[in-house]
Structure formats: structure tokens, C-alpha cells
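Trainee: Handing you this structure, nothing more for now.
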Amino acid sequence: MLSSKFIHAFTRQIYHTNLITSATFNVIKKHNSTHTKNDLVLVDVNDKTGFSIVTLNRPPVNSLNLELLSAFSSVLDDLHKNNSRGMILTSSSSTVFSAGLDINELYKPDMDRVRKFWTSLQDCWIKLYGSSFPTAAAINGHAPAGGCLFAMCCEYRVMLPKYTIGLNETQLGIVAPTWFMATMKNTIPLRQAELALTLGKMFKTDDALKLGLIDEIAENKEDAIHKCEIFLKKYQKIPQTARALTKQSYRKNDIMELENNREADLQLFFLAISDPRVQSSLGKYVAFLKLKSRMKPILEAVKFLKGIFKSKKKKN
Amino acid sequence: MLSSKFIHAFTRQIYHTNLITSATFNVIKKHNSTHTKNDLVLVDVNDKTGFSIVTLNRPPVNSLNLELLSAFSSVLDDLHKNNSRGMILTSSSSTVFSAGLDINELYKPDMDRVRKFWTSLQDCWIKLYGSSFPTAAAINGHAPAGGCLFAMCCEYRVMLPKYTIGLNETQLGIVAPTWFMATMKNTIPLRQAELALTLGKMFKTDDALKLGLIDEIAENKEDAIHKCEIFLKKYQKIPQTARALTKQSYRKNDIMELENNREADLQLFFLAISDPRVQSSLGKYVAFLKLKSRMKPILEAVKFLKGIFKSKKKKN
Amino acid sequence: MLSSKFIHAFTRQIYHTNLITSATFNVIKKHNSTHTKNDLVLVDVNDKTGFSIVTLNRPPVNSLNLELLSAFSSVLDDLHKNNSRGMILTSSSSTVFSAGLDINELYKPDMDRVRKFWTSLQDCWIKLYGSSFPTAAAINGHAPAGGCLFAMCCEYRVMLPKYTIGLNETQLGIVAPTWFMATMKNTIPLRQAELALTLGKMFKTDDALKLGLIDEIAENKEDAIHKCEIFLKKYQKIPQTARALTKQSYRKNDIMELENNREADLQLFFLAISDPRVQSSLGKYVAFLKLKSRMKPILEAVKFLKGIFKSKKKKN
């Protein structure tokens with residue numbers, strides 16, 4: 001009916017992001033990153049629903065370093081190749097969804113590594129925000145900065161009570177890249193997005209719901225995953241290719257904006273972290289984290305002694 | 001005061017869409033399409049208000065085929081030329097506003113005709129979405145896909161209870177073109193638009209009101225038209241040219257996006273309908289419609305017999 | 001860590017609008033425009049907070065003429081150079097925030113002056129909408145057209161009861177420029193922005209709050225300024241440069257759109273005001289204002305006599 005030339009040309013146009021391919025249905029379990037021997041990102045496929053629970057698993061707070069991002073990027077590729085029916089993104093930590101970028105990647109960075117690091121972050125965003133499979137986030141802990149970004153890339157967000165979520169970059173003296181901003185503009189009203197971004201505001205679960213930054217509140221992680229499954233099931237009767245192309249077409253301008261400016265975006269990132277003031281405050285923060293880490297056994301000893309003291313008191 | 005050269009150049013710039021012209025005030029009644037001998041689109045001008053009620057009139061469900069679209073396009077031209085004070089778009093069916101694209105245009109299409117068909121749809125959208133006259137829709141029945149599109153092109157929407165409206169393309173395995181999406185983004189919040197589009201969701205009248213997809217609910221068609229008139233009357237004291245140029249300037253980027261990509265958009269449409277899976281499911285649907293049509297007399301006979309049975313029962 | 005070449009290139013890129021500079025902290029008081037001997041724009045710096053209260057002061061209604069705009073533009077430059085901690089924009093009138101563009105600039109304009117006039121308006125918008133310092137508006141009176149524009153450029157709006165605000169250009173037969181529209185799209189939902197713009201609607205304080213066109217209602221001017229201060233204080237713990245660059249990055253596309261089309265925008269303005277119909281209605285309005293002004297002593301005399309009559313009546 002149509003010349004194959006036309007079809008070929010426009011297939012290329014539609015599929016330009018290479019996000020849709022013919023795929024095999026290999027079930028993957030406990031995905032191992034090629035960059036690490038640890039299980040930085042866990043994948044469990046529910047054979048009944050075909051949904052994959054993807055768990056960020058870099059204790060204690062899922063800081064996004066090069067290895068975690070590489071593993072996540074690789075998982076997203078696999079889900080795409082395996083023609084996943086849907087992904088639920090969550091965390092193995094009981095208090096933090098993801099703490100955002102690992103500060104150690106930014107402080108006194110090695111230039112080769114930091115380039116790979118930022119490129120991996122760009123990859124993850126392009127693959128997650130533009131994924132062919134439907135996505136939902138079970139936000140079972142705090143989600144600042146990069147944690148909020150990945151949650152917002154998903155098409156549905158369920159969050160546990162009493163945590164916080166937001167792009168708080170300005171509070172840290174950093175400017176959120178335009179693609180972080182675009183992701184937020186796609187989620188909440190423009191007026192609120194501008195205020196949230198300039199204030200670097202972290203929203204409590206209740207406020208995030210009112211704002212539309214999340215869609216539902218769940219009692220616990222299990223409930224959150226269950227609610228995500230209910231959302232993903234809505235797509236089961238929708239033809240997959242049409243759904244995927246609709247999502248990708250809807251988000252295309254944002255994705256093209258980064259695709260066409262990846263090197264410039266990388267240079268802006270280099271510029272930002274090379275600011276001596278930024279390095280100085282990063283240095284202080286790294287020192288604080290180290291101190292906190294060294295203090296931990298002492299603080300735990302104090303806690304232990306307090307416990308003994310209390311129990312003795314009770315006996316008396 | 002200004003050189004005529006400047007004025008000429010910038011008049012061209014403002015008036016580039018050729019939507020504003022000096023016009024004569026010919027009153028048109030019962031517009032006859034040049035493409036058909038039937039009254040596919042009825043036009044009634046209220047001489048008092050100057051408002052035109054434009055009624056889609058292709059029984060049973062106002063499926064948008066080439067002839068209906070050509071007639072509608074021609075009516076929109078006439079309203080523009082006649083410097084209409086306002087248009088109210090409605091349907092002659094008591095249950096369907098418009099069922100969207102006529103599936104017979106998509107199934108095993110003749111290439112010449114399908115090109116004219118899609119081009120006519122593009123024409124209608126450009127002329128309606130960018131019309132110089134103010135527009136309102138009296139949605140007196142279901143409005144899926146193309147029906148929803150035309151309703152959203154209008155500047156105000158009044159809907160009767162218990163019907164449904166939405167861009168449900170994904171449910172049919174189709175991807176709504178970017179200009180369909182742009183029209184929805186101009187109507188409801190971005191976050192809701194994305195969900196509505198990927199889910200291909202049809203909204204009931206009440207939900208459509210909450211979402212902002214419609215502006216008011218009316219008791220019946222007469223009431224809906226009355227409420228549309230009240231809306232259009234708000235513009236009576238607003239200088240016409242300023243109002244028209246403001247609307248067109250506001251919607252300009254969306255319109256330019258299609259104007260500059262009409263052929264590519266046409267090719268994407270060709271590509272979509274030439275997919276064997278799409279043709280296969282269209283084929284099944286066409287067969288179902290034919291069966292339903294053949295079954296109609298039988299079903300009516302059953303209904304008739306049931307009625308006799310019931311009345312006999314009552315007498316006993 | 002990074003080559004100075006990179007940093008230099010990307011500093012230029014970030015700082016392209018020249019809005020961020022290293023600055024000295026000269027406290028400015030009662031800023032005098034270089035174009036006038038009058039205090040058209042008053043600046044009071046609170047030494048404790050570092051916030052500047054900027055008062056439009058062209059009685060009776062703060063009509064925006066060339067001199068007022070030039071003075072305002074110059075004040076915005078000073079605030080930027082002085083690295084202001086925040087600006088609160090208000091009016092010295094007790095009933096009008098700003099009446100918008102001075103009609104005398106538009107009626108039978110001198111071409112040299114009108115070019116400077118429109119260029120100054122563009123300058124003010126670029127400097128205010130893209131300001132490095134945080135901004136809030138204490139809207140202590142009506143704010144039509146240009147008054148609404150300046151209020152919307154600010155990042156927060158507190159308004160006194162029983163006044164009105166809106167871009168009412170269409171009511172005057174004028175088309176709001178695209179950058180006026182962009183500013184409104186950044187403030188309220190798109191659907192409402194389109195209706196507000198085509199209808200040229202003025203919103204009462206209560207309705208403006210519901211719409212999101214303002215953020216809070218204050219009892220009086222003092223309360224409004226206090227509420228603006230509370231807003232600005234939220235930024236005190238946010239690193240300045242990150243906050244400024246985030247705001248400018250967020251608003252960058254709108255600003256670039258005008259920056260890249262200033263001359264074309266100017267020509268469109270020339271075209272609009274050179275329309276004989278526009279000049280004719282402007283002429284009538286100017287005549288009406290003159291008559292009103294001449295009638296003022298007579299009306300006041302009548303009022304005075306009525307007063308005497310009333311007091312005599314009471315004595316009886």
C-alpha cells in the first residue's frame with residue numbers, strides 16, 4: 001500500500017530514540033551491573049503480571065555514583081529489550097528512596113570519571129523519562145534532588161507518609177539542569193514549579209500530594225508497590241506500541257532538548273562544580289559526613305549505655 | 001506616520017495565516033457542501049446575535065469521512081469570510097457529538113482519497129483552532145477521538161450529562177498526532193493530559209468538568225446552546241480584530257508546528273495505517289460494524305416481540 | 001581542575017543576559033531618574049533585611065510614560081549592581097498600582113520618542129522578569145494592562161481587597177504582545193490564561209486569588225509589604241547565585257524570545273498604533289480624559305456645595 005521507502009524513513013523518524021525494538025522475553029532476576037560485583041540494582045520480575053520491581057540498593061542512602069547509575073542504565077536497557085510490561089522503582093533502604101547525586105563524585109573529581117558519571121546520569125534520565133514500558137515509583141523514603149528526579153520521570157508516584165521529596169538543588173548552591181526543570185514542569189503546575197525550584201523546597205508527603213508531585217499515599221512499602229501495580233494494570237488492555245509511542249511523542253521535545261545539547265550540558269556541569277565556592281562547601285560537607293561516620297560507633301555506644309541506664313532505672 | 005513598507009511587511013506577518021480578511025456579511029443558511037448533495041453540515045445564523053449554530057449531520061454518529069470534513073472546512077471558510085460573530089458547534093444525533101474518524105477511510109484505503117482525507121482533517125483543525133471568530137461546543141453526545149478534538153478546538157465547552165469525551169486513540173492502537181496533543185495541552189493540566197493520552201481515557205461528563213476538559217454541564221441540547229450563547233455574548237463588547245489576533249497569537253506556535261510539517265504529518269499517518277496489525281484490527285472492527293448493522297432488524301424484531309409479550313402479560 | 005577556556009566560554013553562556021555581576025553594596029535612597037527631575041520611582045532600602053521597597057510615583061495613576069519607564073529601568077540596574085537581597089514593588093497612589101501604558105505616548109506619537117518608549121518597556125520587562133534578585137509585588141490598587149504585567153513579572157503577589165487586575169488589552173482594541181502572554185502563562189493555568197487574554201478580563205482581588213493570579217490578600221499597604229517581606233525572607237538561606245541562575249534558567253526561553261525579536265516586536269507595536277481605528281479611539285479617550293480633567297474643579301465645586309447643603313440640612 002505504501003512504498004517501503006516511506007515506511008523505512010518514517011520508521012526511523014518515529015523510532016529515532018531507539019527506544020522501541022523487537023524484543024525477546026527473557027526473564028531477568030537480580031541484575032548484576034557490569035561495573036561492580038555488588039547487586040547495586042535488584043530486579044524482580046513478577047511472572048504473572050510481567051511487572052519488574054527495580055530496587056535501588058546502594059546502602060545506606062542510594063547515593064547516585066557512577067557504578068549505581070551504570071547499573072541502573074543497564075537495567076533500563078534490559079527492561080526495554082525484554083519488552084517489559086511495566087516497572088516499579090523503589091529502594092532497599094527503609095528511610096531513603098535516593099539521596100541524589102553522590103557528593104564524592106563531585107568533590108575533587110577525576111575528570112575522566114566525572115565525565116562518565118554525568119553522561120551516565122544523562123543516559124538514565126533519557127532511558128527512564130522516555131522509556132517504552134510504563135513506569136511507577138514506590139517512594140519508600142526521602143527523595144531529594146536526583147531521587148526526586150527519578151521519581152518524577154515515572155508516570156505515577158506513590159509515597160509513604162512523613163518523608164520529603166523535592167528538587168532542593170538551590171539549597172546546596174547548585175542550579176538544577178534544564179532537563180530536571182522540564183521533568184518538574186511536566187509534573188506540577190508551572191507557577192508552583194518555579195517556586196519549588198528557586199526555593200529548593202522539600203515537600204512533605206501530604207503537601208506533595210496536594211501539589212500533584214505525587215499521586216497517592218501508601219501505608220507501607222508493600223502497599224505502595226500494590227498501588228503501583230494497580231496503576232500499571234490500567235495499561236494492560238492498551239496496545240503496547242501505541243501507548244509507548246504516545247508517551248515518547250508527548251515527552252519528545254524535552255528529550256530532544258537534552259539529546260541535542262549533551263556536551264553543552266556536560267560543560268555546564270563541569271563549570272558548576274569547578275566553582276571554588278562549590279568545591280569549598282562540598283569539602284565541608286564531605287568532612288561532616290566523615291565525622292558523622294566516625295562518630296557513629298561513639299553515638300551508638302552512648303545510646304547503648306543510655307539503654308542500660310534506663311533499664312536499671314526501671315528495675316529500681 | 002509609518003512607512004507603508006513597514007505596515008505592509010508586518011501586516012503580512014500578523015495576517016500570515018490568512019484568517020482575517022475584510023469581509024461581507026452574507027447570511028448563510030443550510031450550507032451545502034460542494035462535495036456532496038447531502039446536508040452534511042447545517043448552518044443556522046441567528047440574525048439577532050449573529051451567532052451561527054453549526055450542526056454536524058452525518059447520521060448515525062457523525063463519523064468524520066472526507067465528505068463531512070470537506071463540508072465542515074468549507075463552512076469554516078464561509079463563517080470567516082462572513083465575519084461571523086461566533087460559532088456554536090453541535091450534532092444532529094441525540095447520542096453522539098462525533099464518533100471521530102470514519103474507520104472506512106482507514107481500512108484498505110485508496111491512496112489518493114486517504115491523502116485528501118487527512119489533508120482535510122488538517123485543514124479543519126487549522127481553521128477551527130485558529131478561527132478568527134469565537135467558538136463554543138454544545139456537546140450533546142459522546143465525543144471520542146476526533147469528536148473530542150473538535151470540541152477542544154472551541155474556546156468553550158458545554159456538555160450534556162452521562163456522555164463521554166476523550167482522546168482514546170491508544171485504546172484503538174493508534175498514536176494521537178502531536179497537534180491533537182497540543183490541543184489537549186491547551187485545555188487541561190499537562191500532568192492530566194499525559195495520563196489521559198497514554199491511557200486513551202474517556203471521561204464521563206462529571207469527571208470532564210472536574211478535569212477542566214469541559215466548562216459547564218447543560219440539562220439538554222437547548223440549554224447547552226443557550227449556555228454557549230451566553231459565553232459568546234461576553235465577546236460582543238470586545239473589538240473583533242484585537243480578540244481574533246489575540247487568540248491566534250496565543251495559539252500560533254501550535255498552528256505553525258503543523259503548518260510547517262503537514263507533509264511529514266501526513267506520512268506519519270500513512271505509516272501508522274499501513275501497519276499490518278492496524279489494518280488487521282481495523283478489518284475486524286469493520287466486520288463487526290457490518291454484522292451489527294445486519295443484526296439490527298433482527299434485534300428490533302426481538303424487541304418488538306418482547307413488547308407484545310409484556311403487554312399481553314399485563315392484560316392477564 | 002577545568003581549563004580556564006572552558007570556564008570562560010561557559011561563564012559567558014550562563015551569564016549571557018549580563019544579569020549577574022560582582023557588585024558593590026552601595027545603599028541607594030530616593031533614586032532620581034536621569035530623565036527627569038521628579039522622583040518618579042522611589043527606592044527605600046531596609047538596612048536590616050537588605051530589601052528595597054520600590055515605589056512607582058507618577059501621580060495620579062502611575063501611567064507608564066517614557067520617563068517613568070526609564071527611571072524604573074535605571075532602578076532595576078542599580079538593584080542588580082548593588083546585589084539587592086530583594087525588591088518589593090508598590091505604588092504611591094492609594095487606589096492605583098499602575099494604570100498601564102500612558103495613552104499620551106500612543107496618540108499621535110513622535111516616532112523617535114515612541115521608539116524609545118517601547119524599547120524602555122522591553123528593557124523593564126527583561127530586567128524585571130529576569131532579575132537576579134528576588135521580587136514581590138504589593139499591589140495596593142488597580143493593576144490593568146502594564147500594571148498587571150509588572151506585577152506578574154514578580155515572583156510573589158500580595159493584593160489589597162476590592163481592586164482589579166488583568167491584561168485587558170483586547171477591551172482597548174489592542175493585542176497584548178507575546179511576552180505579555182508568556183508572563184501570564186508562567187503565572188496561571190494555560191486554559192485560564194487564554195480566556196483572560198481574549199476577554200481582556202479584569203479580576204477582582206478575590207477572583208485573582210482563586211485563579212492564582214495573586215498569592216495572598218493583605219488588609220492594607222503596610223500588611224502587603226510585610227507579607228512580601230515574609231516571602232523574600234524565605235530566600236535568605238538560599239545561596240544567591242544558585243537562586244538567581246535557577247530563576248533565569250527557568251524563564252530563559254521567554255526572555256530569549258523577546259531578546260531575539262526586539263525589532264520585530266517594535267515594528268508590530270508601530271503597526272498596531274498606526275491603525276487609523278486605534279488612533280481614532282485613542283483620540284476619543286484622550287479627549288475624554290481632558291474633559292474629565294477640566295470638569296474636575298466644577299465637580300469638586302458641586303461636591304463642596306452639596307456638603308454645605310447637607311450640613312445646613314443637619315443643623316435644621
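Residues are named by chain letter and number: chains run A, B, ... in the order of the C-alpha cells, numbers start at 1 in each chain, and ligands are numbered from 1 in the order shown.
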Just want the 9 Å neighbourhood of Pro161 in chain C, counted on only C-alpha atoms, with same-chain residues fewer than 2 positions away dropped. Output as a PyMOL selection string.
Mentor: chain C and resi 140-141+159+163-164+204-206+217-220
Trainee: Just want the 10 Å neighbourhood of range 51-58 of chain C, counted on only C-alpha atoms, with same-chain residues fewer than 2 positions away dropped. Output as a ChimeraX atom specification.
Mentor: /C:27-31,38-49,60-65,67-69,71-72,75-76,79,84-93,97-98,133-138,225,228-229,232-233
Trainee: Pick from A:Ile214, A:Leu199, A:Leu305, A:Leu66: nearest to Ala143 in chain A, with only C-alpha atoms counted?
Mentor: A:Ile214
Trainee: Name all residues at most 12 Å from range 287-302 of chain A (count only C-alpha atoms; drop same-chain ones fewer than 5 positions away) and give them as a list in words.
Mentor: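 Result of the neighbour search: Pro60, Asp102, Ile103, Asn104, Tyr107, Ser280, Ser281, Leu282, Gly307, Ile308 and Phe309 of chain A.
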Trainee: Could you write those residues out with N, CA, C and O atoms, as a PDB file, in the first residue's frame?
Mentor:
ATOM      1  N   PRO A  60      24.162   3.310  52.435  1.00  0.00           N
ATOM      2  CA  PRO A  60      22.938   3.369  53.227  1.00  0.00           C
ATOM      3  C   PRO A  60      21.798   4.164  52.580  1.00  0.00           C
ATOM      4  O   PRO A  60      20.660   3.977  52.940  1.00  0.00           O
ATOM      5  N   ASP A 102      25.847  11.350  44.414  1.00  0.00           N
ATOM      6  CA  ASP A 102      26.864  11.073  45.427  1.00  0.00           C
ATOM      7  C   ASP A 102      27.860  12.219  45.448  1.00  0.00           C
ATOM      8  O   ASP A 102      28.532  12.499  44.453  1.00  0.00           O
ATOM      9  N   ILE A 103      27.950  12.859  46.593  1.00  0.00           N
ATOM     10  CA  ILE A 103      28.788  14.046  46.733  1.00  0.00           C
ATOM     11  C   ILE A 103      30.266  13.738  46.455  1.00  0.00           C
ATOM     12  O   ILE A 103      31.028  14.606  46.018  1.00  0.00           O
ATOM     13  N   ASN A 104      30.649  12.482  46.685  1.00  0.00           N
ATOM     14  CA  ASN A 104      32.043  12.095  46.433  1.00  0.00           C
ATOM     15  C   ASN A 104      32.406  12.132  44.948  1.00  0.00           C
ATOM     16  O   ASN A 104      33.580  12.208  44.597  1.00  0.00           O
ATOM     17  N   TYR A 107      33.231  16.114  44.562  1.00  0.00           N
ATOM     18  CA  TYR A 107      34.314  16.751  45.315  1.00  0.00           C
ATOM     19  C   TYR A 107      35.670  16.293  44.776  1.00  0.00           C
ATOM     20  O   TYR A 107      35.942  15.103  44.716  1.00  0.00           O
ATOM     21  N   SER A 280      34.463  24.274  47.943  1.00  0.00           N
ATOM     22  CA  SER A 280      34.691  24.538  49.363  1.00  0.00           C
ATOM     23  C   SER A 280      33.530  24.007  50.209  1.00  0.00           C
ATOM     24  O   SER A 280      33.735  23.338  51.228  1.00  0.00           O
ATOM     25  N   SER A 281      32.295  24.283  49.766  1.00  0.00           N
ATOM     26  CA  SER A 281      31.158  23.809  50.568  1.00  0.00           C
ATOM     27  C   SER A 281      31.003  22.292  50.438  1.00  0.00           C
ATOM     28  O   SER A 281      30.623  21.622  51.399  1.00  0.00           O
ATOM     29  N   LEU A 282      31.349  21.742  49.273  1.00  0.00           N
ATOM     30  CA  LEU A 282      31.344  20.278  49.134  1.00  0.00           C
ATOM     31  C   LEU A 282      32.363  19.673  50.109  1.00  0.00           C
ATOM     32  O   LEU A 282      32.094  18.675  50.774  1.00  0.00           O
ATOM     33  N   GLY A 307      20.540   3.029  77.283  1.00  0.00           N
ATOM     34  CA  GLY A 307      19.579   1.916  77.380  1.00  0.00           C
ATOM     35  C   GLY A 307      19.774   1.151  78.677  1.00  0.00           C
ATOM     36  O   GLY A 307      18.809   0.875  79.405  1.00  0.00           O
ATOM     37  N   ILE A 308      21.033   0.846  78.981  1.00  0.00           N
ATOM     38  CA  ILE A 308      21.350   0.134  80.228  1.00  0.00           C
ATOM     39  C   ILE A 308      20.878   0.950  81.431  1.00  0.00           C
ATOM     40  O   ILE A 308      20.233   0.444  82.345  1.00  0.00           O
ATOM     41  N   PHE A 309      21.209   2.254  81.366  1.00  0.00           N
ATOM     42  CA  PHE A 309      20.853   3.163  82.440  1.00  0.00           C
ATOM     43  C   PHE A 309      19.326   3.151  82.668  1.00  0.00           C
ATOM     44  O   PHE A 309      18.860   3.048  83.799  1.00  0.00           O
TER      45      PHE A 309
END
Trainee: Record the distance separating CA of Gly173 in chain B and CA of Lys227 in chain A, expressed in Å with one decimal.
Mentor: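 These atoms are spaced 25.7 Å apart.
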Trainee: Report, in Å to a single decimal, how far apart CA of Leu149 in chain C and CA of Gly200 in chain A are.
Mentor: 25.8 Å
Trainee: Near chain A, which residues of chain B fall within 10 Å when you count only C-alpha atoms, and what do they look like as an NGL selection string?
Mentor: :B and (108-111 or 168-178 or 181-182 or 185 or 189-195 or 197-200 or 264 or 267-275)
Trainee: Keeping C-alpha atoms for every residue in the selection just given, could you write it to a file as a PDB file, in the first residue's frame?
Mentor:
ATOM      1  CA  LYS B 108      -7.778  -0.667   2.863  1.00  0.00           C
ATOM      2  CA  PRO B 109      -7.569   2.969   1.809  1.00  0.00           C
ATOM      3  CA  ASP B 110      -7.241   4.349  -1.690  1.00  0.00           C
ATOM      4  CA  MET B 111      -4.066   6.416  -1.553  1.00  0.00           C
ATOM      5  CA  ASN B 168      -8.928   7.432  23.170  1.00  0.00           C
ATOM      6  CA  GLU B 169      -6.533   6.756  20.291  1.00  0.00           C
ATOM      7  CA  THR B 170      -4.190   4.437  22.233  1.00  0.00           C
ATOM      8  CA  GLN B 171      -7.131   2.135  23.021  1.00  0.00           C
ATOM      9  CA  LEU B 172      -7.527   1.676  19.282  1.00  0.00           C
ATOM     10  CA  GLY B 173      -3.799   1.052  18.822  1.00  0.00           C
ATOM     11  CA  ILE B 174      -3.242   4.473  17.261  1.00  0.00           C
ATOM     12  CA  VAL B 175      -0.996   7.373  18.316  1.00  0.00           C
ATOM     13  CA  ALA B 176      -2.700  10.770  18.511  1.00  0.00           C
ATOM     14  CA  PRO B 177      -0.782  13.236  16.282  1.00  0.00           C
ATOM     15  CA  THR B 178       1.187  15.965  18.076  1.00  0.00           C
ATOM     16  CA  MET B 181      -1.848  16.507  21.906  1.00  0.00           C
ATOM     17  CA  ALA B 182      -1.164  20.249  21.652  1.00  0.00           C
ATOM     18  CA  LYS B 185      -2.311  20.570  26.486  1.00  0.00           C
ATOM     19  CA  PRO B 189      -3.146  20.480  33.013  1.00  0.00           C
ATOM     20  CA  LEU B 190      -0.065  18.824  31.450  1.00  0.00           C
ATOM     21  CA  ARG B 191       0.121  16.031  34.034  1.00  0.00           C
ATOM     22  CA  GLN B 192      -3.515  15.067  33.394  1.00  0.00           C
ATOM     23  CA  ALA B 193      -3.086  15.388  29.635  1.00  0.00           C
ATOM     24  CA  GLU B 194      -0.230  12.874  29.638  1.00  0.00           C
ATOM     25  CA  LEU B 195      -2.220  10.326  31.639  1.00  0.00           C
ATOM     26  CA  LEU B 197      -3.392  10.401  26.306  1.00  0.00           C
ATOM     27  CA  THR B 198      -1.378   7.312  27.270  1.00  0.00           C
ATOM     28  CA  LEU B 199      -4.436   5.656  28.844  1.00  0.00           C
ATOM     29  CA  GLY B 200      -6.667   6.758  25.944  1.00  0.00           C
ATOM     30  CA  ALA B 264       5.640  14.832   7.428  1.00  0.00           C
ATOM     31  CA  GLN B 267       3.475  10.483   6.040  1.00  0.00           C
ATOM     32  CA  LEU B 268       3.344   9.535   9.712  1.00  0.00           C
ATOM     33  CA  PHE B 269      -0.381   8.917   9.293  1.00  0.00           C
ATOM     34  CA  PHE B 270       0.278   6.778   6.196  1.00  0.00           C
ATOM     35  CA  LEU B 271       2.870   4.837   8.151  1.00  0.00           C
ATOM     36  CA  ALA B 272       0.512   4.244  11.061  1.00  0.00           C
ATOM     37  CA  ILE B 273      -2.393   2.924   8.999  1.00  0.00           C
ATOM     38  CA  SER B 274      -0.146   0.827   6.775  1.00  0.00           C
ATOM     39  CA  ASP B 275       0.948  -1.271   9.760  1.00  0.00           C
TER      40      ASP B 275
END
Trainee: Residues of range 40-142 of chain A classed as strand (DSSP E) by DSSP on the backbone are to be reported as a PyMOL selection string.
Mentor: chain A and resi 41-45+51-56+86-91+135-139
Trainee: Among range 53-228 of chain A, which residues carry a DSSP assignment of helix (DSSP H, G or I), reported as JSON, numbers by chain?
Mentor: {"A": [66, 67, 68, 69, 70, 71, 72, 73, 74, 75, 76, 77, 78, 79, 80, 81, 103, 104, 105, 106, 111, 112, 113, 114, 115, 116, 117, 118, 119, 120, 121, 122, 123, 124, 125, 126, 127, 128, 129, 146, 147, 148, 149, 150, 151, 152, 153, 169, 170, 171, 172, 178, 179, 180, 181, 182, 183, 184, 185, 190, 191, 192, 193, 194, 195, 196, 197, 198, 199, 205, 206, 207, 208, 209, 210, 211, 221, 222, 223, 224, 225, 226, 227, 228]}
